Amino acid sequence: MGKVQTCIVVCLLVLSAHLPAQSTATWLPKNPLYFEQGFSPLNTNKLVAHMGSLTIKPGGNQLFDPNILNVNLSTS
């Protein structure tokens with residue numbers, strides 16, 4: 001029974017070693033900054049600024065569905 005368990009563990013390790021994953025994220029800052037009234041989904045009672053763009057790209061032929069749920073930033 002010990003040989004079977006060892007064989008299963010070795011097979012799982014070999015199979016898991018061939019599961020590559022890669023994604024690349026690129027940040028492009030916006031220049032110059034300009035402030036405007038907030039819009040949905042941001043707070044419409046405050047000024048907001050577009051600081052830049054975040055681009056996320058998958059590597060290879062992977063399934064890709066990024067979810068950026070909520071970003072809360074607070075400054076003085």
# chains A, B, ... in the order shown; residues from 1 in each chain; ligands from 1
>>> residues_around(residues="Val48 in chain A", least_positions_apart="4", cutoff="9 Å", atoms="only C-alpha atoms", output="list in words")
Tyr34, Phe35, Glu36, Gln37, Gly38, Phe39, Leu42, Asn43 and Thr44 of chain A
>>> atom_distance(atom1="CA of Thr24 in chain A", atom2="CA of His50 in chain A")
21.6 Å
>>> closest_residue(among="A:Gln22, A:Ser16, A:Thr6, A:Asn31", to="Ala49 in chain A", atoms="only C-alpha atoms")
A:Asn31
>>> residues_around(residues="Ile56 in chain A", least_positions_apart="2", cutoff="8 Å", atoms="only C-alpha atoms", output="PyMOL selection string")
chain A and resi 23-26+54+58
>>> select_by_dssp(residues="range 26-65 of chain A", states="strand (DSSP E)", output="ChimeraX atom specification")
/A:26-29,35-37,47-49,52-58
>>> write_last_selection(atoms="N, CA, C and O atoms", output="PDB file, in the first residue's frame")
ATOM      1  N   THR A  26       0.249  46.424 -16.756  1.00  0.00           N
ATOM      2  CA  THR A  26       0.936  47.639 -17.174  1.00  0.00           C
ATOM      3  C   THR A  26       0.170  48.849 -16.661  1.00  0.00           C
ATOM      4  O   THR A  26      -1.047  48.926 -16.818  1.00  0.00           O
ATOM      5  N   TRP A  27       0.868  49.783 -16.031  1.00  0.00           N
ATOM      6  CA  TRP A  27       0.270  51.018 -15.516  1.00  0.00           C
ATOM      7  C   TRP A  27       0.744  52.176 -16.382  1.00  0.00           C
ATOM      8  O   TRP A  27       1.939  52.404 -16.550  1.00  0.00           O
ATOM      9  N   LEU A  28      -0.190  52.932 -16.966  1.00  0.00           N
ATOM     10  CA  LEU A  28       0.128  54.116 -17.756  1.00  0.00           C
ATOM     11  C   LEU A  28      -0.432  55.335 -17.031  1.00  0.00           C
ATOM     12  O   LEU A  28      -1.650  55.532 -16.993  1.00  0.00           O
ATOM     13  N   PRO A  29       0.432  56.166 -16.448  1.00  0.00           N
ATOM     14  CA  PRO A  29      -0.055  57.343 -15.722  1.00  0.00           C
ATOM     15  C   PRO A  29      -0.638  58.386 -16.672  1.00  0.00           C
ATOM     16  O   PRO A  29      -0.209  58.512 -17.816  1.00  0.00           O
ATOM     17  N   PHE A  35      -9.227  67.442 -12.481  1.00  0.00           N
ATOM     18  CA  PHE A  35     -10.268  67.043 -11.545  1.00  0.00           C
ATOM     19  C   PHE A  35     -11.634  67.370 -12.134  1.00  0.00           C
ATOM     20  O   PHE A  35     -11.806  68.385 -12.822  1.00  0.00           O
ATOM     21  N   GLU A  36     -12.601  66.489 -11.867  1.00  0.00           N
ATOM     22  CA  GLU A  36     -13.965  66.684 -12.335  1.00  0.00           C
ATOM     23  C   GLU A  36     -14.935  66.092 -11.319  1.00  0.00           C
ATOM     24  O   GLU A  36     -14.530  65.376 -10.407  1.00  0.00           O
ATOM     25  N   GLN A  37     -16.205  66.400 -11.492  1.00  0.00           N
ATOM     26  CA  GLN A  37     -17.243  65.873 -10.599  1.00  0.00           C
ATOM     27  C   GLN A  37     -17.272  64.355 -10.720  1.00  0.00           C
ATOM     28  O   GLN A  37     -17.133  63.810 -11.817  1.00  0.00           O
ATOM     29  N   LEU A  47     -14.955  65.550  -5.918  1.00  0.00           N
ATOM     30  CA  LEU A  47     -14.127  65.648  -7.107  1.00  0.00           C
ATOM     31  C   LEU A  47     -13.274  64.389  -7.258  1.00  0.00           C
ATOM     32  O   LEU A  47     -12.808  63.824  -6.279  1.00  0.00           O
ATOM     33  N   VAL A  48     -13.083  63.953  -8.480  1.00  0.00           N
ATOM     34  CA  VAL A  48     -12.255  62.781  -8.767  1.00  0.00           C
ATOM     35  C   VAL A  48     -11.253  63.147  -9.855  1.00  0.00           C
ATOM     36  O   VAL A  48     -11.444  64.109 -10.596  1.00  0.00           O
ATOM     37  N   ALA A  49     -10.174  62.381  -9.939  1.00  0.00           N
ATOM     38  CA  ALA A  49      -9.171  62.588 -10.977  1.00  0.00           C
ATOM     39  C   ALA A  49      -8.819  61.246 -11.603  1.00  0.00           C
ATOM     40  O   ALA A  49      -8.680  60.240 -10.913  1.00  0.00           O
ATOM     41  N   GLY A  52      -4.655  57.328 -14.244  1.00  0.00           N
ATOM     42  CA  GLY A  52      -3.982  56.488 -15.217  1.00  0.00           C
ATOM     43  C   GLY A  52      -4.817  55.281 -15.573  1.00  0.00           C
ATOM     44  O   GLY A  52      -5.958  55.151 -15.145  1.00  0.00           O
ATOM     45  N   SER A  53      -4.231  54.389 -16.355  1.00  0.00           N
ATOM     46  CA  SER A  53      -4.926  53.184 -16.808  1.00  0.00           C
ATOM     47  C   SER A  53      -4.122  51.951 -16.437  1.00  0.00           C
ATOM     48  O   SER A  53      -2.913  51.903 -16.635  1.00  0.00           O
ATOM     49  N   LEU A  54      -4.815  50.944 -15.924  1.00  0.00           N
ATOM     50  CA  LEU A  54      -4.213  49.656 -15.597  1.00  0.00           C
ATOM     51  C   LEU A  54      -4.690  48.648 -16.631  1.00  0.00           C
ATOM     52  O   LEU A  54      -5.887  48.451 -16.815  1.00  0.00           O
ATOM     53  N   THR A  55      -3.739  48.027 -17.338  1.00  0.00           N
ATOM     54  CA  THR A  55      -4.052  47.026 -18.350  1.00  0.00           C
ATOM     55  C   THR A  55      -3.490  45.690 -17.903  1.00  0.00           C
ATOM     56  O   THR A  55      -2.306  45.582 -17.595  1.00  0.00           O
ATOM     57  N   ILE A  56      -4.344  44.667 -17.862  1.00  0.00           N
ATOM     58  CA  ILE A  56      -3.934  43.316 -17.461  1.00  0.00           C
ATOM     59  C   ILE A  56      -4.117  42.404 -18.658  1.00  0.00           C
ATOM     60  O   ILE A  56      -5.206  42.324 -19.218  1.00  0.00           O
ATOM     61  N   LYS A  57      -3.031  41.722 -19.063  1.00  0.00           N
ATOM     62  CA  LYS A  57      -3.079  40.823 -20.218  1.00  0.00           C
ATOM     63  C   LYS A  57      -2.618  39.427 -19.806  1.00  0.00           C
ATOM     64  O   LYS A  57      -1.628  39.289 -19.112  1.00  0.00           O
ATOM     65  N   PRO A  58      -3.320  38.396 -20.266  1.00  0.00           N
ATOM     66  CA  PRO A  58      -2.873  37.025 -19.981  1.00  0.00           C
ATOM     67  C   PRO A  58      -1.773  36.611 -20.941  1.00  0.00           C
ATOM     68  O   PRO A  58      -1.657  37.151 -22.044  1.00  0.00           O
TER      69      PRO A  58
END
>>> atom_distance(atom1="CA of Leu33 in chain A", atom2="CA of Lys46 in chain A")
15.7 Å
>>> decode(residues="range 37-50 of chain A", atoms="all heavy atoms", output="PDB file, in the first residue's frame")
ATOM      1  N   GLN A  37     -16.205  66.400 -11.492  1.00  0.00           N
ATOM      2  CA  GLN A  37     -17.243  65.873 -10.599  1.00  0.00           C
ATOM      3  C   GLN A  37     -17.272  64.355 -10.720  1.00  0.00           C
ATOM      4  O   GLN A  37     -17.133  63.810 -11.817  1.00  0.00           O
ATOM      5  CB  GLN A  37     -18.600  66.462 -10.985  1.00  0.00           C
ATOM      6  CG  GLN A  37     -19.703  66.188 -10.004  1.00  0.00           C
ATOM      7  CD  GLN A  37     -19.537  66.974  -8.721  1.00  0.00           C
ATOM      8  OE1 GLN A  37     -18.970  68.055  -8.721  1.00  0.00           O
ATOM      9  NE2 GLN A  37     -20.019  66.432  -7.638  1.00  0.00           N
ATOM     10  N   GLY A  38     -17.439  63.660  -9.577  1.00  0.00           N
ATOM     11  CA  GLY A  38     -17.478  62.201  -9.575  1.00  0.00           C
ATOM     12  C   GLY A  38     -18.633  61.655 -10.402  1.00  0.00           C
ATOM     13  O   GLY A  38     -19.642  62.319 -10.595  1.00  0.00           O
ATOM     14  N   PHE A  39     -18.471  60.457 -10.917  1.00  0.00           N
ATOM     15  CA  PHE A  39     -19.504  59.802 -11.717  1.00  0.00           C
ATOM     16  C   PHE A  39     -19.644  58.377 -11.223  1.00  0.00           C
ATOM     17  O   PHE A  39     -18.781  57.851 -10.530  1.00  0.00           O
ATOM     18  CB  PHE A  39     -19.149  59.850 -13.212  1.00  0.00           C
ATOM     19  CG  PHE A  39     -17.736  59.427 -13.499  1.00  0.00           C
ATOM     20  CD1 PHE A  39     -17.421  58.105 -13.687  1.00  0.00           C
ATOM     21  CD2 PHE A  39     -16.723  60.367 -13.546  1.00  0.00           C
ATOM     22  CE1 PHE A  39     -16.117  57.712 -13.936  1.00  0.00           C
ATOM     23  CE2 PHE A  39     -15.425  59.997 -13.803  1.00  0.00           C
ATOM     24  CZ  PHE A  39     -15.111  58.661 -13.988  1.00  0.00           C
ATOM     25  N   SER A  40     -20.726  57.728 -11.554  1.00  0.00           N
ATOM     26  CA  SER A  40     -21.003  56.370 -11.089  1.00  0.00           C
ATOM     27  C   SER A  40     -19.921  55.424 -11.624  1.00  0.00           C
ATOM     28  O   SER A  40     -19.545  55.542 -12.789  1.00  0.00           O
ATOM     29  CB  SER A  40     -22.376  55.940 -11.583  1.00  0.00           C
ATOM     30  OG  SER A  40     -22.674  54.648 -11.132  1.00  0.00           O
ATOM     31  N   PRO A  41     -19.379  54.534 -10.857  1.00  0.00           N
ATOM     32  CA  PRO A  41     -19.675  54.094  -9.496  1.00  0.00           C
ATOM     33  C   PRO A  41     -18.945  54.889  -8.418  1.00  0.00           C
ATOM     34  O   PRO A  41     -18.964  54.515  -7.263  1.00  0.00           O
ATOM     35  CB  PRO A  41     -19.204  52.643  -9.502  1.00  0.00           C
ATOM     36  CG  PRO A  41     -18.013  52.661 -10.390  1.00  0.00           C
ATOM     37  CD  PRO A  41     -18.355  53.680 -11.464  1.00  0.00           C
ATOM     38  N   LEU A  42     -18.282  55.988  -8.772  1.00  0.00           N
ATOM     39  CA  LEU A  42     -17.583  56.817  -7.789  1.00  0.00           C
ATOM     40  C   LEU A  42     -18.579  57.736  -7.095  1.00  0.00           C
ATOM     41  O   LEU A  42     -19.726  57.884  -7.529  1.00  0.00           O
ATOM     42  CB  LEU A  42     -16.484  57.631  -8.468  1.00  0.00           C
ATOM     43  CG  LEU A  42     -15.443  56.817  -9.246  1.00  0.00           C
ATOM     44  CD1 LEU A  42     -14.528  57.734 -10.019  1.00  0.00           C
ATOM     45  CD2 LEU A  42     -14.656  55.932  -8.310  1.00  0.00           C
ATOM     46  N   ASN A  43     -18.118  58.381  -6.033  1.00  0.00           N
ATOM     47  CA  ASN A  43     -18.968  59.300  -5.284  1.00  0.00           C
ATOM     48  C   ASN A  43     -19.254  60.529  -6.138  1.00  0.00           C
ATOM     49  O   ASN A  43     -18.343  61.251  -6.546  1.00  0.00           O
ATOM     50  CB  ASN A  43     -18.272  59.692  -3.981  1.00  0.00           C
ATOM     51  CG  ASN A  43     -19.178  60.463  -3.051  1.00  0.00           C
ATOM     52  OD1 ASN A  43     -20.192  61.024  -3.459  1.00  0.00           O
ATOM     53  ND2 ASN A  43     -18.812  60.485  -1.787  1.00  0.00           N
ATOM     54  N   THR A  44     -20.521  60.801  -6.410  1.00  0.00           N
ATOM     55  CA  THR A  44     -20.896  61.917  -7.282  1.00  0.00           C
ATOM     56  C   THR A  44     -20.877  63.259  -6.553  1.00  0.00           C
ATOM     57  O   THR A  44     -21.058  64.292  -7.182  1.00  0.00           O
ATOM     58  CB  THR A  44     -22.288  61.682  -7.883  1.00  0.00           C
ATOM     59  OG1 THR A  44     -23.229  61.518  -6.817  1.00  0.00           O
ATOM     60  CG2 THR A  44     -22.295  60.456  -8.772  1.00  0.00           C
ATOM     61  N   ASN A  45     -20.662  63.268  -5.234  1.00  0.00           N
ATOM     62  CA  ASN A  45     -20.624  64.509  -4.460  1.00  0.00           C
ATOM     63  C   ASN A  45     -19.202  65.015  -4.229  1.00  0.00           C
ATOM     64  O   ASN A  45     -19.006  65.980  -3.505  1.00  0.00           O
ATOM     65  CB  ASN A  45     -21.311  64.312  -3.104  1.00  0.00           C
ATOM     66  CG  ASN A  45     -22.787  64.013  -3.271  1.00  0.00           C
ATOM     67  OD1 ASN A  45     -23.439  64.550  -4.155  1.00  0.00           O
ATOM     68  ND2 ASN A  45     -23.307  63.141  -2.431  1.00  0.00           N
ATOM     69  N   LYS A  46     -18.211  64.357  -4.806  1.00  0.00           N
ATOM     70  CA  LYS A  46     -16.819  64.740  -4.596  1.00  0.00           C
ATOM     71  C   LYS A  46     -16.101  64.867  -5.928  1.00  0.00           C
ATOM     72  O   LYS A  46     -16.559  64.367  -6.947  1.00  0.00           O
ATOM     73  CB  LYS A  46     -16.106  63.710  -3.720  1.00  0.00           C
ATOM     74  CG  LYS A  46     -16.661  63.629  -2.317  1.00  0.00           C
ATOM     75  CD  LYS A  46     -15.839  62.705  -1.456  1.00  0.00           C
ATOM     76  CE  LYS A  46     -16.409  62.694  -0.039  1.00  0.00           C
ATOM     77  NZ  LYS A  46     -15.613  61.870   0.837  1.00  0.00           N
ATOM     78  N   LEU A  47     -14.955  65.550  -5.918  1.00  0.00           N
ATOM     79  CA  LEU A  47     -14.127  65.648  -7.107  1.00  0.00           C
ATOM     80  C   LEU A  47     -13.274  64.389  -7.258  1.00  0.00           C
ATOM     81  O   LEU A  47     -12.808  63.824  -6.279  1.00  0.00           O
ATOM     82  CB  LEU A  47     -13.220  66.873  -7.023  1.00  0.00           C
ATOM     83  CG  LEU A  47     -13.913  68.228  -7.068  1.00  0.00           C
ATOM     84  CD1 LEU A  47     -12.893  69.338  -6.874  1.00  0.00           C
ATOM     85  CD2 LEU A  47     -14.661  68.415  -8.365  1.00  0.00           C
ATOM     86  N   VAL A  48     -13.083  63.953  -8.480  1.00  0.00           N
ATOM     87  CA  VAL A  48     -12.255  62.781  -8.767  1.00  0.00           C
ATOM     88  C   VAL A  48     -11.253  63.147  -9.855  1.00  0.00           C
ATOM     89  O   VAL A  48     -11.444  64.109 -10.596  1.00  0.00           O
ATOM     90  CB  VAL A  48     -13.105  61.568  -9.208  1.00  0.00           C
ATOM     91  CG1 VAL A  48     -14.046  61.125  -8.116  1.00  0.00           C
ATOM     92  CG2 VAL A  48     -13.868  61.866 -10.481  1.00  0.00           C
ATOM     93  N   ALA A  49     -10.174  62.381  -9.939  1.00  0.00           N
ATOM     94  CA  ALA A  49      -9.171  62.588 -10.977  1.00  0.00           C
ATOM     95  C   ALA A  49      -8.819  61.246 -11.603  1.00  0.00           C
ATOM     96  O   ALA A  49      -8.680  60.240 -10.913  1.00  0.00           O
ATOM     97  CB  ALA A  49      -7.917  63.227 -10.387  1.00  0.00           C
ATOM     98  N   HIS A  50      -8.681  61.237 -12.923  1.00  0.00           N
ATOM     99  CA  HIS A  50      -8.227  60.045 -13.642  1.00  0.00           C
ATOM    100  C   HIS A  50      -6.706  60.022 -13.543  1.00  0.00           C
ATOM    101  O   HIS A  50      -6.031  60.855 -14.138  1.00  0.00           O
ATOM    102  CB  HIS A  50      -8.690  60.110 -15.087  1.00  0.00           C
ATOM    103  CG  HIS A  50      -8.277  58.931 -15.893  1.00  0.00           C
ATOM    104  ND1 HIS A  50      -8.340  58.921 -17.255  1.00  0.00           N
ATOM    105  CD2 HIS A  50      -7.798  57.719 -15.548  1.00  0.00           C
ATOM    106  CE1 HIS A  50      -7.907  57.771 -17.711  1.00  0.00           C
ATOM    107  NE2 HIS A  50      -7.562  57.021 -16.686  1.00  0.00           N
TER     108      HIS A  50
END
